[in-house]
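Let me begin by presenting the structure, written as structure tokens, before commenting on it.
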Amino acid sequence: MIRKMLFLGAVFVTFLMIFSSASSISLAQLRQDEIKNAEGNIVSEEHQQSINMESVIKNIFFGRKDSRNLQMNFFTSTVTTTCDDVEKKSEITFALSNEIDVDNNENTGINGKDIRVQYLILPYFLPSPEFTFGAVFSVSVERIGEEIKDSAFSLSATIADNLISVGYESPKQSSNEIPKRIQLSTTAFIEPIDGTTGMSFYISPSYDENQEGKQITLFGGFDDDNVKRSYAFGFLPASDTQITLRSTKEPDKWEYILTRDTPYETILTAEMTKTTEDSSKTTKLTIDSLPEEISFALALTPFSSEGGSIEYESSSMYYVDVLIEKEELGKCKYALIKNMPKSLSAEWIPSRENGFYHINIDSEDTSIYLLNSLENPTINFSIKRLSTVDMTKYWNLTNPGNFEIQKDPSLHLELDILFEDWEAHLDAEPTAEYIYCAWKSNVSGFLTLDTNQDPLSTVDLFIKGPENGLSIIGETLAAEDFHLEWTVWPLSEFNINRSGELDFFSLVIKILVNDEWSTLWPWF
């Protein structure tokens, strides 16, 4: 039987060698073409490293340059298991059913063997919708003993000098157990016509009873000569899920396609790490309720030394919450998006002085929170209940300070800024495309308002620092270069001057001086 399997494997390798030889010229040309983008500009080294999947696929079958077994790479796999405190490494054979003792206990399992593992390496080919080819590393695991069922357990299988890996982890919890059977796979693929590459991960666990309360993590990775990528996807409860990541022609932008095959919702956590010789970068995503299918393109990049930017595109809205974590987003490394929009382009500089935030969104009801911490954040920039809008805002949270918004019309605007000991809040129903407010809050100070005489149906503006602040609450408010100056102390110098236009149905203005609020309008 073993000889028959090896013979079939040899035939398979021969086919792949012929295919590889026929493809080598086109692959080489692909590499040369990918270095330039559509405008003929050189793509960054970062992007070049992210599209080296063809070398991964070739090395799976023919080994790295320094491998001693160039054409026999996939005939054995190294399996690492951890069962509670027992860690073991085992060598298993291609296509055979391999039984493994994972707890070093001859009295558990069947004849001391606790699991049965089989792995395959198969070619991957799709003629449409995009011509795609690659390789699949598939691993199936069966628990054949009951004694380890409630243990903390993990398994990782690697081939081709650790070039590609796939595995899973089942934590020890009161409601959890090691799956009775589980199917895992990692796929590396190329789309030569588009010049894009990608990887796909699949998990299908089955339990003695239902999957309610069960928790599991799927992990996989690729380690070629230039870059190492590792992925971990957690599911609560455990779910049959396919996850595909595909590169795009834009540097740092990836397309994500997630398909859930179980009838119940699950919380998905994803951690994706890219390690090069010079750096290691990790992106974390959490989807609070994974839909049956969700697809989107996402790019997360720095914007200035302290800020960040997000580019997001999808064919439809998804009413789920997604938490993004990435160090390269600057001070606000957490981005929480409630109700994923059709498209989002945002960039920001989270600073108390010369702060900046631009957002262009196609949505019905999306809220975005940019945070420096998930617990008791000291920096928080949030915009709530967004509809389709293109908006830019600038601010100086100082005394004197200013606040400016430029936007296309929308029915509602609710935003909050928290920066250490300063906070600002605006809740308005504006038709105005321009809102400007400047202030100096003290016994001698000023207030400037300007909406280009376009009205705010309602407005609630609150700005507060350590000792000074400003509050404006009004209805049907419109202003054109309105400027108010005052001196209220000492009384001998009492003076109030105003200029410009200010129209309103109702208006209350208060200032905070030395931690004490005073009504400025309608007092005078």
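We name chains A, B, ... following the order of the structure tokens; residues begin at 1 in each chain, and ligands are numbered from 1 as shown.
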
Residue neighbourhood A:Leu413, 10 Å, only C-alpha atoms, exclusion window fewer than 4 positions, as a list in words: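 After dropping sequence-adjacent residues, the list is Ile383, Lys384, Arg385, Leu386, Ser387, Val389, Pro409, Leu426, Asp427, Ala428, Glu429, Pro430 and Val459 of chain A.
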
Using the selection just defined, write its residues with all heavy atoms as an mmCIF file, in the first residue's frame.
data_model
loop_
_atom_site.group_PDB
_atom_site.id
_atom_site.type_symbol
_atom_site.label_atom_id
_atom_site.label_comp_id
_atom_site.auth_asym_id
_atom_site.auth_seq_id
_atom_site.Cartn_x
_atom_site.Cartn_y
_atom_site.Cartn_z
ATOM 1 N N ILE A 383 -17.222 59.673 15.552
ATOM 2 C CA ILE A 383 -18.299 60.257 14.760
ATOM 3 C C ILE A 383 -19.408 59.222 14.715
ATOM 4 O O ILE A 383 -19.190 58.078 14.326
ATOM 5 C CB ILE A 383 -17.846 60.622 13.334
ATOM 6 C CG1 ILE A 383 -16.583 61.489 13.363
ATOM 7 C CG2 ILE A 383 -18.947 61.352 12.599
ATOM 8 C CD1 ILE A 383 -16.062 61.850 11.999
ATOM 9 N N LYS A 384 -20.617 59.611 15.096
ATOM 10 C CA LYS A 384 -21.697 58.655 15.286
ATOM 11 C C LYS A 384 -22.817 58.869 14.278
ATOM 12 O O LYS A 384 -23.050 59.979 13.816
ATOM 13 C CB LYS A 384 -22.257 58.765 16.709
ATOM 14 C CG LYS A 384 -21.205 58.559 17.800
ATOM 15 C CD LYS A 384 -21.760 58.844 19.175
ATOM 16 C CE LYS A 384 -20.675 58.737 20.249
ATOM 17 N NZ LYS A 384 -21.189 59.096 21.593
ATOM 18 N N ARG A 385 -23.480 57.758 13.960
ATOM 19 C CA ARG A 385 -24.681 57.745 13.118
ATOM 20 C C ARG A 385 -24.457 58.460 11.792
ATOM 21 O O ARG A 385 -25.233 59.307 11.361
ATOM 22 C CB ARG A 385 -25.861 58.345 13.862
ATOM 23 C CG ARG A 385 -26.269 57.558 15.099
ATOM 24 C CD ARG A 385 -27.534 58.108 15.710
ATOM 25 N NE ARG A 385 -27.336 59.424 16.281
ATOM 26 C CZ ARG A 385 -28.323 60.236 16.641
ATOM 27 N NH1 ARG A 385 -29.582 59.852 16.466
ATOM 28 N NH2 ARG A 385 -28.074 61.409 17.171
ATOM 29 N N LEU A 386 -23.371 58.089 11.115
ATOM 30 C CA LEU A 386 -23.017 58.741 9.861
ATOM 31 C C LEU A 386 -23.873 58.231 8.712
ATOM 32 O O LEU A 386 -24.095 57.027 8.569
ATOM 33 C CB LEU A 386 -21.552 58.475 9.529
ATOM 34 C CG LEU A 386 -20.501 59.345 10.219
ATOM 35 C CD1 LEU A 386 -19.126 58.742 10.033
ATOM 36 C CD2 LEU A 386 -20.545 60.761 9.673
ATOM 37 N N SER A 387 -24.332 59.148 7.886
ATOM 38 C CA SER A 387 -24.860 58.803 6.574
ATOM 39 C C SER A 387 -23.783 59.169 5.554
ATOM 40 O O SER A 387 -22.656 59.496 5.921
ATOM 41 C CB SER A 387 -26.163 59.562 6.308
ATOM 42 O OG SER A 387 -25.946 60.956 6.405
ATOM 43 N N VAL A 389 -21.379 61.061 3.557
ATOM 44 C CA VAL A 389 -20.876 62.400 3.799
ATOM 45 C C VAL A 389 -19.387 62.453 3.467
ATOM 46 O O VAL A 389 -18.678 61.444 3.545
ATOM 47 C CB VAL A 389 -21.106 62.818 5.281
ATOM 48 C CG1 VAL A 389 -20.246 61.990 6.225
ATOM 49 C CG2 VAL A 389 -20.845 64.302 5.489
ATOM 50 N N PRO A 409 -23.760 68.541 2.588
ATOM 51 C CA PRO A 409 -24.930 68.524 3.464
ATOM 52 C C PRO A 409 -25.262 67.113 3.944
ATOM 53 O O PRO A 409 -25.152 66.146 3.216
ATOM 54 C CB PRO A 409 -26.047 69.072 2.560
ATOM 55 C CG PRO A 409 -25.340 69.849 1.513
ATOM 56 C CD PRO A 409 -24.056 69.141 1.287
ATOM 57 N N LEU A 426 -20.017 67.895 19.544
ATOM 58 C CA LEU A 426 -20.918 68.630 18.661
ATOM 59 C C LEU A 426 -22.030 67.699 18.219
ATOM 60 O O LEU A 426 -21.779 66.623 17.680
ATOM 61 C CB LEU A 426 -20.170 69.159 17.431
ATOM 62 C CG LEU A 426 -21.048 69.837 16.360
ATOM 63 C CD1 LEU A 426 -21.721 71.094 16.924
ATOM 64 C CD2 LEU A 426 -20.234 70.166 15.111
ATOM 65 N N ASP A 427 -23.263 68.133 18.454
ATOM 66 C CA ASP A 427 -24.453 67.411 18.011
ATOM 67 C C ASP A 427 -25.323 68.426 17.284
ATOM 68 O O ASP A 427 -25.832 69.371 17.900
ATOM 69 C CB ASP A 427 -25.190 66.800 19.200
ATOM 70 C CG ASP A 427 -26.295 65.843 18.765
ATOM 71 O OD1 ASP A 427 -26.635 65.824 17.570
ATOM 72 O OD2 ASP A 427 -26.806 65.101 19.630
ATOM 73 N N ALA A 428 -25.470 68.263 15.968
ATOM 74 C CA ALA A 428 -26.160 69.286 15.180
ATOM 75 C C ALA A 428 -26.962 68.639 14.066
ATOM 76 O O ALA A 428 -26.673 67.526 13.616
ATOM 77 C CB ALA A 428 -25.154 70.277 14.589
ATOM 78 N N GLU A 429 -27.989 69.392 13.636
ATOM 79 C CA GLU A 429 -28.778 69.036 12.458
ATOM 80 C C GLU A 429 -28.511 70.135 11.424
ATOM 81 O O GLU A 429 -29.277 71.080 11.294
ATOM 82 C CB GLU A 429 -30.271 68.964 12.805
ATOM 83 C CG GLU A 429 -30.634 67.947 13.867
ATOM 84 C CD GLU A 429 -30.645 66.536 13.309
ATOM 85 O OE1 GLU A 429 -30.630 66.391 12.072
ATOM 86 O OE2 GLU A 429 -30.656 65.579 14.110
ATOM 87 N N PRO A 430 -27.412 70.002 10.683
ATOM 88 C CA PRO A 430 -27.011 71.131 9.840
ATOM 89 C C PRO A 430 -27.384 70.955 8.369
ATOM 90 O O PRO A 430 -27.326 69.861 7.823
ATOM 91 C CB PRO A 430 -25.489 71.109 9.988
ATOM 92 C CG PRO A 430 -25.166 69.655 10.144
ATOM 93 C CD PRO A 430 -26.375 68.990 10.765
ATOM 94 N N VAL A 459 -28.235 72.887 17.341
ATOM 95 C CA VAL A 459 -26.799 72.789 17.584
ATOM 96 C C VAL A 459 -26.559 72.669 19.086
ATOM 97 O O VAL A 459 -27.186 73.370 19.887
ATOM 98 C CB VAL A 459 -26.028 73.994 16.999
ATOM 99 C CG1 VAL A 459 -26.530 75.310 17.602
ATOM 100 C CG2 VAL A 459 -24.533 73.841 17.220
#

For stretch 485-491 of chain A: contacts at 12 Å, only C-alpha atoms, fewer than 5 positions along chain excluded, given as a list in words: Ala438, Trp439, Lys440, Ser441, Asn442, Val443, Ser444, Gly445, Phe446, Leu447, Thr448, Leu449, Ile496, Asn497, Arg498, Ser499, Gly500, Ile511, Val513, Ser518, Thr519, Leu520, Trp521, Trp523 and Phe524 of chain A

Residue selection dump (N, CA and C atoms) as an mmCIF file, in the first residue's frame:
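Here's the written file again_8.cif:
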data_model
loop_
_atom_site.group_PDB
_atom_site.id
_atom_site.type_symbol
_atom_site.label_atom_id
_atom_site.label_comp_id
_atom_site.auth_asym_id
_atom_site.auth_seq_id
_atom_site.Cartn_x
_atom_site.Cartn_y
_atom_site.Cartn_z
ATOM 1 N N ALA A 438 -14.448 79.942 17.030
ATOM 2 C CA ALA A 438 -13.194 80.271 17.710
ATOM 3 C C ALA A 438 -13.537 80.908 19.036
ATOM 4 N N TRP A 439 -12.655 80.754 20.029
ATOM 5 C CA TRP A 439 -12.991 81.223 21.357
ATOM 6 C C TRP A 439 -11.750 81.579 22.167
ATOM 7 N N LYS A 440 -11.981 82.421 23.122
ATOM 8 C CA LYS A 440 -11.079 82.608 24.254
ATOM 9 C C LYS A 440 -11.980 82.753 25.468
ATOM 10 N N SER A 441 -11.911 81.769 26.358
ATOM 11 C CA SER A 441 -12.815 81.724 27.502
ATOM 12 C C SER A 441 -12.080 82.234 28.735
ATOM 13 N N ASN A 442 -12.395 83.478 29.107
ATOM 14 C CA ASN A 442 -11.797 84.094 30.289
ATOM 15 C C ASN A 442 -12.625 85.319 30.648
ATOM 16 N N VAL A 443 -12.250 86.031 31.681
ATOM 17 C CA VAL A 443 -12.992 87.247 32.027
ATOM 18 C C VAL A 443 -12.876 88.272 30.904
ATOM 19 N N SER A 444 -11.783 88.220 30.166
ATOM 20 C CA SER A 444 -11.665 88.959 28.904
ATOM 21 C C SER A 444 -11.487 87.927 27.807
ATOM 22 N N GLY A 445 -12.442 87.861 26.886
ATOM 23 C CA GLY A 445 -12.368 86.822 25.877
ATOM 24 C C GLY A 445 -13.160 87.179 24.645
ATOM 25 N N PHE A 446 -13.347 86.171 23.782
ATOM 26 C CA PHE A 446 -14.098 86.420 22.553
ATOM 27 C C PHE A 446 -14.736 85.113 22.083
ATOM 28 N N LEU A 447 -15.710 85.238 21.198
ATOM 29 C CA LEU A 447 -16.368 84.121 20.547
ATOM 30 C C LEU A 447 -16.632 84.500 19.095
ATOM 31 N N THR A 448 -16.227 83.617 18.167
ATOM 32 C CA THR A 448 -16.484 83.810 16.743
ATOM 33 C C THR A 448 -17.289 82.641 16.222
ATOM 34 N N LEU A 449 -18.366 82.940 15.476
ATOM 35 C CA LEU A 449 -19.207 81.920 14.858
ATOM 36 C C LEU A 449 -19.411 82.264 13.393
ATOM 37 N N ILE A 496 -18.647 95.092 26.216
ATOM 38 C CA ILE A 496 -19.053 94.034 25.279
ATOM 39 C C ILE A 496 -19.213 94.660 23.910
ATOM 40 N N ASN A 497 -18.562 94.031 22.898
ATOM 41 C CA ASN A 497 -18.652 94.497 21.516
ATOM 42 C C ASN A 497 -19.020 93.327 20.621
ATOM 43 N N ARG A 498 -19.824 93.584 19.609
ATOM 44 C CA ARG A 498 -20.211 92.540 18.667
ATOM 45 C C ARG A 498 -20.186 93.075 17.248
ATOM 46 N N SER A 499 -19.961 92.162 16.310
ATOM 47 C CA SER A 499 -19.970 92.509 14.890
ATOM 48 C C SER A 499 -20.417 91.288 14.100
ATOM 49 N N GLY A 500 -20.742 91.493 12.821
ATOM 50 C CA GLY A 500 -21.203 90.400 11.984
ATOM 51 C C GLY A 500 -22.679 90.103 12.190
ATOM 52 N N ILE A 511 -19.809 80.273 29.270
ATOM 53 C CA ILE A 511 -18.360 80.122 29.288
ATOM 54 C C ILE A 511 -17.929 79.590 30.651
ATOM 55 N N VAL A 513 -14.903 79.648 33.303
ATOM 56 C CA VAL A 513 -13.708 80.380 33.729
ATOM 57 C C VAL A 513 -13.375 79.933 35.143
ATOM 58 N N SER A 518 -20.615 80.424 33.574
ATOM 59 C CA SER A 518 -21.385 81.681 33.609
ATOM 60 C C SER A 518 -22.124 81.830 32.286
ATOM 61 N N THR A 519 -23.349 82.320 32.343
ATOM 62 C CA THR A 519 -24.148 82.516 31.128
ATOM 63 C C THR A 519 -23.747 83.828 30.467
ATOM 64 N N LEU A 520 -23.319 83.722 29.213
ATOM 65 C CA LEU A 520 -22.904 84.906 28.451
ATOM 66 C C LEU A 520 -24.056 85.446 27.620
ATOM 67 N N TRP A 521 -24.895 84.587 27.139
ATOM 68 C CA TRP A 521 -26.088 84.970 26.369
ATOM 69 C C TRP A 521 -27.226 84.084 26.840
ATOM 70 N N TRP A 523 -27.627 86.780 28.868
ATOM 71 C CA TRP A 523 -27.427 87.720 29.967
ATOM 72 C C TRP A 523 -27.242 89.143 29.482
ATOM 73 N N PHE A 524 -26.439 89.317 28.373
ATOM 74 C CA PHE A 524 -26.211 90.697 27.950
ATOM 75 C C PHE A 524 -27.220 91.119 26.910
#

Residue list (strand (DSSP E or B), DSSP) for stretch 61-218 of chain A, as a PyMOL selection string: chain A and resi 76-83+86-93+98-100+110+113+115-126+132-143+153-159+164-170+181-191+196-206+216-218

Polymer residues at most 10 Å from A:Phe296, only C-alpha atoms, same-chain spacing of 5 or more positions, as a list in words: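 Result of the neighbour search: Leu245, Trp254, Glu255, Tyr256, Ile257, Leu258, Tyr312, Glu313, Ser314, Ser315, Ser316, Met317, Met340, Lys342 and Ser343 of chain A.
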
Deliver the residues from the most recent selection as a file, using N, CA, C and O atoms, as an mmCIF file, in the first residue's frame.
data_model
loop_
_atom_site.group_PDB
_atom_site.id
_atom_site.type_symbol
_atom_site.label_atom_id
_atom_site.label_comp_id
_atom_site.auth_asym_id
_atom_site.auth_seq_id
_atom_site.Cartn_x
_atom_site.Cartn_y
_atom_site.Cartn_z
ATOM 1 N N LEU A 245 -7.742 35.652 1.718
ATOM 2 C CA LEU A 245 -7.080 36.946 1.655
ATOM 3 C C LEU A 245 -6.397 37.050 0.298
ATOM 4 O O LEU A 245 -5.616 36.177 -0.085
ATOM 5 N N TRP A 254 -5.631 44.731 0.960
ATOM 6 C CA TRP A 254 -5.964 43.327 0.783
ATOM 7 C C TRP A 254 -7.470 43.154 0.733
ATOM 8 O O TRP A 254 -8.211 43.891 1.385
ATOM 9 N N GLU A 255 -7.900 42.171 -0.032
ATOM 10 C CA GLU A 255 -9.310 41.808 -0.090
ATOM 11 C C GLU A 255 -9.552 40.631 0.845
ATOM 12 O O GLU A 255 -8.800 39.649 0.845
ATOM 13 N N TYR A 256 -10.607 40.730 1.647
ATOM 14 C CA TYR A 256 -10.970 39.693 2.610
ATOM 15 C C TYR A 256 -12.323 39.108 2.217
ATOM 16 O O TYR A 256 -13.285 39.853 2.002
ATOM 17 N N ILE A 257 -12.401 37.776 2.141
ATOM 18 C CA ILE A 257 -13.658 37.087 1.855
ATOM 19 C C ILE A 257 -13.842 36.024 2.926
ATOM 20 O O ILE A 257 -13.013 35.116 3.065
ATOM 21 N N LEU A 258 -14.911 36.121 3.706
ATOM 22 C CA LEU A 258 -15.179 35.171 4.784
ATOM 23 C C LEU A 258 -16.554 34.552 4.560
ATOM 24 O O LEU A 258 -17.545 35.262 4.378
ATOM 25 N N TYR A 312 -11.460 51.425 2.982
ATOM 26 C CA TYR A 312 -12.346 50.259 3.070
ATOM 27 C C TYR A 312 -13.342 50.321 1.928
ATOM 28 O O TYR A 312 -13.912 51.383 1.642
ATOM 29 N N GLU A 313 -13.561 49.167 1.260
ATOM 30 C CA GLU A 313 -14.526 49.087 0.168
ATOM 31 C C GLU A 313 -15.281 47.767 0.254
ATOM 32 O O GLU A 313 -14.692 46.723 0.572
ATOM 33 N N SER A 314 -16.574 47.825 -0.060
ATOM 34 C CA SER A 314 -17.385 46.613 -0.098
ATOM 35 C C SER A 314 -18.552 46.846 -1.048
ATOM 36 O O SER A 314 -18.866 47.991 -1.411
ATOM 37 N N SER A 315 -19.195 45.753 -1.446
ATOM 38 C CA SER A 315 -20.323 45.875 -2.359
ATOM 39 C C SER A 315 -21.622 46.186 -1.637
ATOM 40 O O SER A 315 -22.613 46.549 -2.270
ATOM 41 N N SER A 316 -21.641 46.027 -0.314
ATOM 42 C CA SER A 316 -22.864 46.282 0.443
ATOM 43 C C SER A 316 -22.508 46.599 1.888
ATOM 44 O O SER A 316 -21.370 46.410 2.324
ATOM 45 N N MET A 317 -23.489 47.100 2.635
ATOM 46 C CA MET A 317 -23.312 47.340 4.059
ATOM 47 C C MET A 317 -23.474 46.036 4.837
ATOM 48 O O MET A 317 -24.215 45.145 4.434
ATOM 49 N N MET A 340 -20.715 48.250 9.288
ATOM 50 C CA MET A 340 -19.705 48.454 8.257
ATOM 51 C C MET A 340 -20.335 49.090 7.020
ATOM 52 O O MET A 340 -21.328 48.601 6.488
ATOM 53 N N LYS A 342 -20.526 50.839 2.979
ATOM 54 C CA LYS A 342 -20.135 50.370 1.642
ATOM 55 C C LYS A 342 -18.717 50.812 1.326
ATOM 56 O O LYS A 342 -17.950 50.055 0.723
ATOM 57 N N SER A 343 -18.378 52.009 1.701
ATOM 58 C CA SER A 343 -17.018 52.496 1.463
ATOM 59 C C SER A 343 -16.646 53.500 2.544
ATOM 60 O O SER A 343 -17.508 54.185 3.105
#

Nearby residues (only C-alpha atoms) at most 7 Å from A:Thr80, same-chain spacing under 6 positions excluded, as a PyMOL selection string: chain A and resi 88-90+155-157

Distance query stretch 259-269 of chain A at most 7 Å, only C-alpha atoms, self and fewer than 5 positions along chain excluded, as a PyMOL selection string: chain A and resi 233-237+239-243+285-294

Nearest-residue call for A:Glu130, choices A:Gly474, A:Gly308, A:Pro192, A:Gly355, using only C-alpha atoms: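 Smallest separation from A:Glu130 among the options: A:Pro192.
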
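Atom pair atom CA of A:Val227 / atom CA of A:Glu191 has a distance of 19.7 Å (rounded to one decimal).
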
Which of A:Ser373, A:Ser304, A:Ser295, A:Thr244 sits closest to A:Ala335 [using only C-alpha atoms]: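 Selected residue with least distance to A:Ala335: A:Ser373.
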
Non-local contacts of A:Phe356 (6 Å; only C-alpha atoms; under 4 positions in same chain excluded) as a PyMOL selection string: chain A and resi 348-349+393-394

Same residues, N, CA, C and O atoms, saved as an mmCIF file, in the first residue's frame:
data_model
loop_
_atom_site.group_PDB
_atom_site.id
_atom_site.type_symbol
_atom_site.label_atom_id
_atom_site.label_comp_id
_atom_site.auth_asym_id
_atom_site.auth_seq_id
_atom_site.Cartn_x
_atom_site.Cartn_y
_atom_site.Cartn_z
ATOM 1 N N TRP A 348 -6.347 60.805 9.719
ATOM 2 C CA TRP A 348 -6.439 61.643 10.903
ATOM 3 C C TRP A 348 -5.066 61.915 11.496
ATOM 4 O O TRP A 348 -4.115 61.156 11.320
ATOM 5 N N ILE A 349 -4.989 63.041 12.218
ATOM 6 C CA ILE A 349 -3.838 63.394 13.051
ATOM 7 C C ILE A 349 -4.394 63.685 14.441
ATOM 8 O O ILE A 349 -5.010 64.733 14.671
ATOM 9 N N LYS A 393 -12.438 68.110 9.269
ATOM 10 C CA LYS A 393 -12.482 68.988 10.442
ATOM 11 C C LYS A 393 -11.079 69.248 10.955
ATOM 12 O O LYS A 393 -10.187 68.409 10.872
ATOM 13 N N TYR A 394 -10.905 70.465 11.469
ATOM 14 C CA TYR A 394 -9.647 70.912 12.053
ATOM 15 C C TYR A 394 -9.953 71.454 13.446
ATOM 16 O O TYR A 394 -11.044 71.962 13.696
#
